[in-house]
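Peer 1: Enclosed is the structure file start.cif (mmCIF, C-alpha atoms).
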data_entry
#
loop_
_atom_site.label_atom_id
_atom_site.label_comp_id
_atom_site.auth_asym_id
_atom_site.auth_seq_id
_atom_site.Cartn_x
_atom_site.Cartn_y
_atom_site.Cartn_z
CA MET A 1 37.49 39.80 -34.29
CA PRO A 2 37.95 43.30 -35.77
CA SER A 3 39.69 45.86 -33.59
CA PRO A 4 40.56 49.53 -34.06
CA PRO A 5 44.12 50.57 -35.07
CA ARG A 6 46.41 50.54 -32.05
CA SER A 7 47.91 53.95 -32.82
CA LEU A 8 44.45 55.54 -33.07
CA GLU A 9 43.44 53.98 -29.76
CA LEU A 10 46.60 55.34 -28.13
CA LEU A 11 45.87 58.82 -29.46
CA ILE A 12 42.25 58.74 -28.27
CA GLY A 13 43.43 57.37 -24.92
CA LEU A 14 45.52 60.50 -24.47
CA LEU A 15 42.45 62.69 -24.99
CA ILE A 16 40.28 60.86 -22.46
CA PRO A 17 40.82 61.79 -18.78
CA PRO A 18 42.58 58.93 -16.92
CA ALA A 19 39.73 58.49 -14.41
CA CYS A 20 37.38 57.19 -17.14
CA ARG A 21 39.88 56.12 -19.82
CA GLU A 22 39.66 52.39 -19.10
CA GLU A 23 35.91 51.94 -19.52
CA VAL A 24 35.42 54.44 -22.36
CA LEU A 25 38.24 52.99 -24.49
CA GLY A 26 36.93 49.49 -23.71
CA ASP A 27 33.38 50.42 -24.75
CA LEU A 28 34.63 52.00 -27.98
CA HIS A 29 36.73 48.90 -28.69
CA GLU A 30 33.77 46.58 -28.06
CA ARG A 31 31.52 48.59 -30.41
CA PHE A 32 34.12 48.58 -33.19
CA THR A 33 32.84 47.20 -36.49
CA ASN A 34 34.53 49.48 -39.02
CA LEU A 35 36.70 52.61 -38.92
CA PRO A 36 34.11 55.25 -39.96
CA ARG A 37 31.70 54.07 -37.27
CA TYR A 38 34.52 54.02 -34.71
CA VAL A 39 35.43 57.61 -35.58
CA ALA A 40 31.77 58.63 -35.33
CA ASP A 41 31.54 56.95 -31.89
CA VAL A 42 34.68 58.79 -30.76
CA LEU A 43 33.37 62.14 -31.98
CA THR A 44 30.00 61.67 -30.26
CA SER A 45 31.40 60.44 -26.95
CA VAL A 46 34.90 61.74 -26.14
CA PRO A 47 34.07 65.50 -26.06
CA PHE A 48 31.13 64.79 -23.74
CA VAL A 49 33.25 62.58 -21.51
CA ILE A 50 35.85 65.36 -21.19
CA LEU A 51 33.21 68.00 -20.40
CA SER A 52 31.52 65.73 -17.90
CA ARG A 53 34.86 65.08 -16.18
CA ILE A 54 35.57 68.83 -16.03
CA ARG A 55 32.14 69.36 -14.45
CA ARG A 56 32.80 66.64 -11.89
CA THR A 57 36.26 67.84 -10.92
CA THR A 58 35.53 71.56 -10.83
CA ASP A 59 34.23 73.13 -7.67
CA PHE A 60 32.80 76.39 -9.01
CA GLN A 61 33.03 78.19 -5.67
CA VAL A 62 36.72 77.35 -5.45
CA LEU A 63 37.16 78.37 -9.08
CA LEU A 64 35.53 81.72 -8.29
CA MET A 65 37.93 82.23 -5.39
CA GLU A 66 40.89 81.30 -7.59
CA ALA A 67 39.70 83.76 -10.24
CA CYS A 68 39.41 86.49 -7.59
CA VAL A 69 42.86 85.92 -6.12
CA LEU A 70 44.53 85.62 -9.54
CA TYR A 71 42.98 88.80 -10.86
CA LEU A 72 43.72 90.63 -7.62
CA SER A 73 47.34 89.46 -7.79
CA PHE A 74 47.83 91.02 -11.22
CA TRP A 75 45.84 94.10 -10.24
CA GLY A 76 47.97 94.49 -7.09
CA ALA A 77 51.16 94.04 -9.09
CA ALA A 78 50.00 96.69 -11.56
CA ARG A 79 49.29 99.13 -8.74
CA LEU A 80 52.61 98.37 -7.14
CA GLU A 81 54.74 98.64 -10.31
CA ASP A 82 52.94 101.15 -12.49
CA VAL A 83 49.61 102.68 -11.44
CA ALA A 84 49.28 104.49 -14.76
CA PHE A 85 49.16 101.12 -16.55
CA LEU A 86 45.54 100.62 -15.43
CA ASP A 87 44.53 103.72 -17.42
CA PHE A 88 46.05 102.37 -20.64
CA ARG A 89 43.88 100.94 -23.41
CA PHE A 90 42.45 97.54 -22.28
CA GLY A 91 44.30 97.98 -18.95
CA TYR A 92 41.91 95.85 -16.90
CA LEU A 93 41.31 93.35 -19.69
CA ARG A 94 45.06 92.79 -20.04
CA LEU A 95 45.20 91.81 -16.36
CA ALA A 96 42.50 89.20 -16.95
CA ILE A 97 44.27 87.36 -19.80
CA PRO A 98 47.00 85.58 -17.77
CA ALA A 99 44.47 84.95 -14.98
CA ALA A 100 42.02 83.33 -17.41
CA THR A 101 44.76 81.25 -19.04
CA THR A 102 45.85 79.96 -15.64
CA LEU A 103 42.26 79.14 -14.62
CA LEU A 104 41.69 77.21 -17.85
CA PHE A 105 44.84 75.20 -17.22
CA LEU A 106 43.81 74.51 -13.60
CA MET A 107 40.42 73.18 -14.75
CA LEU A 108 42.06 70.88 -17.29
CA ALA A 109 44.75 69.79 -14.81
CA ASP A 110 42.07 68.75 -12.31
CA ALA A 111 40.08 66.91 -14.98
CA TYR A 112 43.13 65.00 -16.25
CA ALA A 113 44.61 64.25 -12.81
CA VAL A 114 44.59 60.69 -11.50
CA PRO A 115 42.14 60.85 -8.55
CA GLY A 116 43.35 60.22 -5.03
CA ARG A 117 47.07 60.39 -5.75
CA GLY A 118 49.15 62.98 -3.90
CA TRP A 119 46.68 65.84 -3.94
CA VAL A 120 49.01 68.05 -1.91
CA LEU A 121 51.67 67.87 -4.62
CA LYS A 122 49.01 68.33 -7.32
CA SER A 123 47.71 71.42 -5.51
CA LEU A 124 51.14 72.99 -5.87
CA ARG A 125 52.12 71.61 -9.27
CA ALA A 126 49.03 72.66 -11.27
CA PRO A 127 49.28 76.41 -10.42
CA VAL A 128 53.04 76.38 -11.20
CA PHE A 129 52.44 74.94 -14.67
CA GLY A 130 49.32 77.07 -15.19
CA LEU A 131 51.15 80.30 -14.45
CA ALA A 132 54.12 79.17 -16.56
CA ILE A 133 51.77 78.67 -19.51
CA ALA A 134 50.18 82.07 -18.84
CA CYS A 135 53.69 83.55 -18.96
CA LEU A 136 54.46 81.78 -22.23
CA SER A 137 51.19 82.98 -23.74
CA GLN A 138 52.30 86.52 -22.93
CA LEU A 139 55.51 85.91 -24.87
CA TRP A 140 53.44 84.88 -27.90
CA LEU A 141 50.91 87.71 -27.68
CA PRO A 142 53.26 90.67 -28.47
CA LYS A 143 53.77 89.46 -32.01
CA GLU A 144 50.04 89.32 -32.76
CA HIS A 145 48.47 91.80 -30.34
CA PRO A 146 51.04 93.98 -28.58
CA ASP A 147 48.32 96.05 -26.87
CA LEU A 148 47.07 92.98 -24.93
CA THR A 149 50.30 92.09 -23.11
CA LEU A 150 51.40 92.97 -19.59
CA PRO A 151 54.70 94.71 -18.80
CA ARG A 152 57.26 92.14 -17.64
CA TRP A 153 57.49 93.23 -14.00
CA ILE A 154 53.73 93.39 -13.54
CA LEU A 155 53.51 89.89 -15.03
CA LEU A 156 56.25 88.46 -12.81
CA CYS A 157 55.04 90.10 -9.58
CA GLY A 158 51.44 89.14 -10.35
CA GLU A 159 52.43 85.55 -11.05
CA ALA A 160 54.46 85.29 -7.83
CA ALA A 161 51.58 86.61 -5.71
CA GLY A 162 49.06 84.54 -7.69
CA LEU A 163 51.05 81.35 -7.20
CA LEU A 164 51.17 81.85 -3.46
CA LEU A 165 47.48 82.65 -3.16
CA VAL A 166 46.14 79.99 -5.55
CA CYS A 167 48.25 77.32 -3.81
CA THR A 168 46.74 78.42 -0.49
CA VAL A 169 43.19 78.28 -1.85
CA ARG A 170 43.80 74.83 -3.33
CA MET A 171 45.35 73.50 -0.14
CA LEU A 172 42.28 74.67 1.79
CA SER A 173 39.84 73.21 -0.74
CA PRO A 174 41.21 70.17 -2.57
CA PRO A 175 39.54 69.28 -5.91
CA PRO A 176 36.30 67.25 -5.49
CA ALA A 177 37.87 64.17 -7.10
CA ASP A 178 40.53 64.07 -4.36
CA ARG A 179 38.11 64.25 -1.46
CA PRO A 180 37.26 60.96 0.24
CA GLN A 181 34.95 58.90 -1.99
CA GLY A 182 32.41 56.21 -1.32
CA ALA A 183 31.50 53.55 -3.89
CA GLY A 184 29.19 55.85 -5.76
CA GLY A 185 30.57 59.30 -5.07
CA PRO A 186 31.50 61.61 -2.21
CA VAL A 187 30.14 60.38 1.10
CA PHE A 188 29.47 62.94 3.81
CA TRP A 189 30.23 60.70 6.79
CA LEU A 190 33.48 59.48 5.19
CA HIS A 191 34.50 63.09 4.76
CA LEU A 192 33.78 63.82 8.42
CA ASP A 193 35.78 60.80 9.58
CA SER A 194 38.78 61.69 7.51
CA VAL A 195 39.13 65.34 8.48
CA SER A 196 38.36 64.77 12.20
CA LEU A 197 36.91 68.29 12.43
CA SER A 198 33.27 69.20 12.83
CA PRO A 199 31.75 70.84 9.71
CA GLU A 200 31.45 74.15 11.56
CA ALA A 201 35.11 74.04 12.67
CA TRP A 202 36.11 73.19 9.12
CA ARG A 203 34.16 76.19 7.75
CA ILE A 204 35.70 78.50 10.34
CA ALA A 205 39.18 77.19 9.51
CA LYS A 206 38.56 77.85 5.82
CA GLY A 207 37.22 81.33 6.54
CA ALA A 208 40.21 82.12 8.74
CA GLY A 209 42.55 80.83 6.07
CA MET A 210 40.96 83.05 3.46
CA LEU A 211 41.20 86.07 5.74
CA ALA A 212 44.88 85.27 6.29
CA VAL A 213 45.30 85.15 2.52
CA ALA A 214 43.58 88.52 2.22
CA ALA A 215 45.86 90.01 4.88
CA LEU A 216 48.88 88.60 3.08
CA LEU A 217 47.72 90.10 -0.18
CA GLY A 218 47.25 93.46 1.53
CA ALA A 219 50.80 93.24 2.84
CA LEU A 220 52.10 92.27 -0.61
CA LEU A 221 50.43 95.29 -2.13
CA GLY A 222 52.40 97.45 0.25
CA TYR A 223 49.47 99.73 0.87
CA GLY A 224 48.58 98.34 4.27
CA PRO A 225 45.25 99.64 5.52
CA LYS A 226 44.60 101.55 2.29
CA ALA A 227 44.31 98.47 0.10
CA ALA A 228 43.19 95.90 2.62
CA PRO A 229 39.49 96.92 2.78
CA GLN A 230 39.00 96.47 -0.98
CA VAL A 231 40.66 93.07 -0.90
CA LEU A 232 38.75 92.00 2.18
CA VAL A 233 35.39 93.02 0.74
CA ILE A 234 35.94 91.01 -2.45
CA LEU A 235 37.20 87.97 -0.59
CA ALA A 236 34.42 88.22 2.00
CA VAL A 237 31.85 88.14 -0.81
CA ALA A 238 33.58 85.09 -2.31
CA ILE A 239 33.66 83.34 1.09
CA ALA A 240 30.02 84.24 1.78
CA ALA A 241 28.92 82.88 -1.61
CA TYR A 242 30.89 79.72 -0.96
CA GLN A 243 29.46 79.17 2.51
CA VAL A 244 25.87 79.97 1.52
CA ARG A 245 26.14 77.36 -1.23
CA ARG A 246 27.49 74.81 1.26
CA TRP A 247 24.78 75.43 3.86
CA ARG A 248 22.04 75.12 1.23
CA MET B 1 14.44 60.04 5.08
CA ALA B 2 15.98 62.55 2.68
CA LYS B 3 13.80 63.66 -0.22
CA ALA B 4 14.99 62.20 -3.52
CA ASP B 5 15.94 64.64 -6.32
CA ALA B 6 13.56 64.84 -9.28
CA LEU B 7 14.60 62.91 -12.37
CA GLY B 8 14.73 64.31 -15.89
CA GLN B 9 13.14 62.31 -18.71
CA PHE B 10 16.45 61.06 -20.11
CA GLU B 11 17.64 60.17 -16.61
CA GLN B 12 14.49 58.08 -16.17
CA VAL B 13 15.23 56.23 -19.42
CA VAL B 14 18.85 55.53 -18.41
CA MET B 15 17.81 54.34 -14.95
CA THR B 16 15.13 52.10 -16.43
CA ALA B 17 17.76 50.62 -18.77
CA ILE B 18 20.05 49.91 -15.78
CA LEU B 19 17.12 48.33 -13.92
CA MET B 20 16.22 46.10 -16.89
CA LEU B 21 19.79 45.00 -17.53
CA ARG B 22 20.27 43.89 -13.90
CA ASP B 23 23.86 42.59 -13.55
CA ASP B 24 24.87 43.33 -17.13
CA ALA B 25 24.57 47.13 -17.10
CA TYR B 26 27.69 48.77 -18.52
CA GLY B 27 28.31 51.49 -21.14
CA VAL B 28 27.63 49.50 -24.33
CA THR B 29 24.60 47.55 -23.08
CA ILE B 30 23.08 50.59 -21.37
CA HIS B 31 23.42 52.60 -24.60
CA ALA B 32 21.77 49.81 -26.62
CA LYS B 33 18.89 49.52 -24.14
CA VAL B 34 18.44 53.31 -23.97
CA GLU B 35 18.25 53.48 -27.79
CA GLU B 36 15.60 50.76 -27.66
CA LEU B 37 13.59 52.60 -24.99
CA ALA B 38 13.94 56.03 -26.60
CA ARG B 39 12.94 54.92 -30.13
CA PRO B 40 12.59 56.54 -32.63
CA LYS B 41 15.03 59.10 -31.20
CA ALA B 42 18.73 58.40 -31.77
CA VAL B 43 20.89 58.58 -28.66
CA SER B 44 24.64 59.21 -28.66
CA LEU B 45 27.04 57.26 -26.48
CA GLY B 46 28.31 60.55 -25.04
CA ALA B 47 24.84 61.51 -23.77
CA VAL B 48 24.65 58.21 -21.90
CA TYR B 49 28.07 58.73 -20.28
CA VAL B 50 27.19 62.26 -19.17
CA THR B 51 23.89 61.09 -17.68
CA LEU B 52 25.54 58.16 -15.89
CA ASP B 53 28.08 60.57 -14.35
CA ARG B 54 25.30 62.89 -13.23
CA LEU B 55 23.27 60.04 -11.73
CA GLU B 56 26.36 58.84 -9.90
CA ASP B 57 26.97 62.33 -8.50
CA LYS B 58 23.36 62.46 -7.29
CA GLY B 59 23.88 59.13 -5.55
CA PHE B 60 21.21 57.34 -7.63
CA VAL B 61 23.55 54.77 -9.14
CA GLY B 62 26.74 53.08 -7.99
CA SER B 63 29.52 51.72 -10.19
CA TRP B 64 32.49 49.38 -10.09
CA LEU B 65 35.13 48.11 -12.52
CA SER B 66 35.16 44.47 -13.65
CA ASP B 67 38.18 42.39 -14.57
CA PRO B 68 39.71 43.14 -18.00
CA THR B 69 38.29 41.14 -20.92
CA PRO B 70 39.97 40.26 -24.25
CA GLU B 71 37.04 41.39 -26.45
CA ARG B 72 37.57 44.90 -25.10
CA GLY B 73 41.30 44.94 -25.85
CA GLY B 74 42.16 43.89 -22.30
CA ARG B 75 40.17 46.67 -20.66
CA SER B 76 37.64 46.58 -17.84
CA ARG B 77 33.94 47.32 -17.91
CA ARG B 78 32.35 49.82 -15.56
CA TYR B 79 29.17 48.21 -14.29
CA TYR B 80 26.30 50.27 -12.89
CA ARG B 81 23.57 49.40 -10.40
CA LEU B 82 20.68 51.41 -8.98
CA GLY B 83 21.11 52.49 -5.38
CA ALA B 84 18.29 52.66 -2.83
CA LEU B 85 17.85 56.38 -3.48
CA GLY B 86 17.77 55.76 -7.23
CA GLU B 87 15.13 53.04 -6.91
CA ARG B 88 12.98 55.38 -4.86
CA ALA B 89 13.36 58.24 -7.34
CA LEU B 90 12.50 55.91 -10.24
CA GLN B 91 9.44 54.61 -8.40
CA GLU B 92 8.24 58.18 -7.84
CA SER B 93 8.80 58.98 -11.51
CA ALA B 94 6.90 55.86 -12.59
CA VAL B 95 3.95 56.76 -10.36
CA THR B 96 3.90 60.28 -11.81
CA ALA B 97 4.04 58.90 -15.37
CA LYS B 98 1.13 56.57 -14.56
CA ARG B 99 -0.91 59.50 -13.23
CA ILE B 100 -0.17 61.47 -16.41
CA TRP B 101 -1.22 58.48 -18.53
CA ASP B 102 -4.46 58.01 -16.56
CA GLY B 103 -5.23 61.72 -16.82
CA ILE B 104 -4.77 61.72 -20.59
CA VAL B 105 -6.84 58.55 -21.05
CA GLU B 106 -9.62 60.10 -18.98
CA ILE B 107 -9.82 63.07 -21.35
CA TRP B 108 -8.94 61.52 -24.73
CA GLY B 109 -10.76 58.26 -24.17
CA LYS B 110 -10.03 54.52 -24.08
CA GLU B 111 -10.09 54.20 -27.88
CA TRP B 112 -7.12 56.54 -28.12
CA ALA B 113 -5.30 54.50 -25.47
CA LYS B 114 -5.99 51.25 -27.35
CA GLU B 115 -4.73 52.73 -30.62
CA TRP B 116 -1.51 53.90 -28.97
CA GLY B 117 -1.15 50.60 -27.17
CA LYS B 118 -1.30 48.78 -30.54
CA ARG B 119 1.21 51.17 -32.09
CA TRP B 120 3.66 50.70 -29.19
CA GLY B 121 3.15 46.97 -29.34
CA LYS B 122 4.09 46.94 -33.05
CA GLU B 123 7.17 49.07 -32.39
CA ALA B 124 8.27 46.76 -29.60
CA GLY B 125 8.04 43.93 -32.11
#
Output the file's structure in the form of structure tokens.
Peer 2:
Amino acid sequence: MPSPPRSLELLIGLLIPPACREEVLGDLHERFTNLPRYVADVLTSVPFVILSRIRRTTDFQVLLMEACVLYLSFWGAARLEDVAFLDFRFGYLRLAIPAATTLLFLMLADAYAVPGRGWVLKSLRAPVFGLAIACLSQLWLPKEHPDLTLPRWILLCGEAAGLLLVCTVRMLSPPPADRPQGAGGPVFWLHLDSVSLSPEAWRIAKGAGMLAVAALLGALLGYGPKAAPQVLVILAVAIAAYQVRRWR
Amino acid sequence: MAKADALGQFEQVVMTAILMLRDDAYGVTIHAKVEELARPKAVSLGAVYVTLDRLEDKGFVGSWLSDPTPERGGRSRRYYRLGALGERALQESAVTAKRIWDGIVEIWGKEWAKEWGKRWGKEAG
């Protein structure tokens, strides 16, 4: 019986997220007749499988909150270290680059994580690696585009605050794949049993957690009441959007 | 009872394939059956996977892994089965399709329906 080259299968196996690797590789193996057709099958299935997995493991409300807190972390660090930096060319865009790099890594980390295993550790590990990659990307950028990099202290302070805040957000809202699952997907009553909190209490706890995060960010900025309202308004909008989506 | 979500056309085809395959519905067989149902359109394996994931998220189908088999290089199959919600959604879609068919036949006539019936019969072999 013909079978695809082992090395090629290993390589393709690395590209497919672990949660669906077994069945997709098996299906591709079963359909194998010759190498060109196998490659065509891989090209028409693997990218879709990856995108589908990203869609399934990404909670867009949580992603929005992570984007907010990451950007605010770098913005706060810029205000703290060098207010004039924001008036430079591409000042606000430069703050978004490490935040976007980290978000991209977080999405991929969730998609490629093995579901149900140690989500607490994963919640902490993914932001650490994501921010480390964002830092490395900033080391590469100066050579090509020096006007798109962040000053070192803004980068480091922003990353420290971002790490703290993103970890908090992720601890409050674990990735969908790590929530309790039924046979065919997330089951509402299983979720209720496992958290032993009513849905309303759970929402209030999340809201309170986010407000605590906002207060912490205000304190980190060092501006106290001056900065807190701006932070609170942005986070309140994010929380409201999140809750409205849930209630619908 | 909760109202079932509406099904897209391709979702209907995939669910019909799962229904027809009964206990043998997994990636390869579902793709083959979907290609048969969607003729003459070509369907990629990736489109089937994406739709199966979406149907699973909606709670229309359930899935489980079988034991590993040698013809798949020692890997398991993921079998799919329609859930109660999926069966209901498919029934609603079938009723709607029947109403559309009846409406068209009423306007375009029985001769047109016969001609199309013959053409479909030939295609089905």
Peer 1: Should the cut-off be 6 Å, what would the residue list for chain A against chain B look like, counting all atoms listed in the file, as a list in words?
Peer 2: Glu22, Glu23, Gly26, Asp27, His29, Glu30, Thr44, Ser45, Phe48, Ser52, Gly184 and Gly185 of chain A
Peer 1: May I have the residues within 9 Å of stretch 6-20 of chain A as a list in words, using only C-alpha atoms and disregarding those fewer than 6 positions away in the same chain?
Peer 2: His29, Val42, Val46, Pro47, Val49, Ile50, Arg53, Ala111, Tyr112, Ala113, Val114 and Pro115 of chain A
Peer 1: Mind checking which residues fall within 6 Å of stretch 15-19 of chain B, counting all atoms listed in the file, ignoring those fewer than 6 positions away in the same chain, and posting them as a list in words?
Peer 2: Ala25, Ile30, Lys33 and Val34 of chain B
Peer 1: What is the distance, in Å and to one decimal place, between atom CA of A:Asp59 and atom CA of A:Thr101?
Peer 2: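 So the answer is 17.5 Å.
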Peer 1: What gap, in Å, lies between atom CA of A:Val120 and atom CA of A:Ile154?
Peer 2: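 Computed distance, atom CA of A:Val120 to atom CA of A:Ile154, equals 28.3 Å.
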Peer 1: For each of A:Ala161, A:Leu150, A:Ala84, A:Ala78, take the minimum atom-to-atom distance to A:Pro127, counting all atoms listed in the file, then give the residue where this is smallest.
Peer 2: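 So, comparing all the options, the nearest one is A:Ala161.
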Peer 1: What's the separation between atom CA of B:Arg119 and atom CA of B:Arg22, in Å to one decimal place?
Peer 2: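 Atom CA of B:Arg22 lies 27.3 Å from atom CA of B:Arg119.
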Peer 1: Go through the shown structure with the PyMOL selection byres ((chain A and resi 75) around 12) and write out the matching residues as a VMD selection string.
Peer 2: chain A and resid 68 to 74 76 to 86 91 to 99 150 154 to 155 157 to 159 161 to 162 217 to 218 220 to 221 227 230 to 231
Peer 1: Work out where the centre of an axis-aligned box around every listed atom of stretch 30-35 of chain A lies and how long its edges are once 6 Å is added on each side; give both in Å to one decimal as JSON.
Peer 2:
{"center_x": 34.1, "center_y": 49.6, "center_z": -33.5, "size_x": 17.2, "size_y": 18.0, "size_z": 23.0}
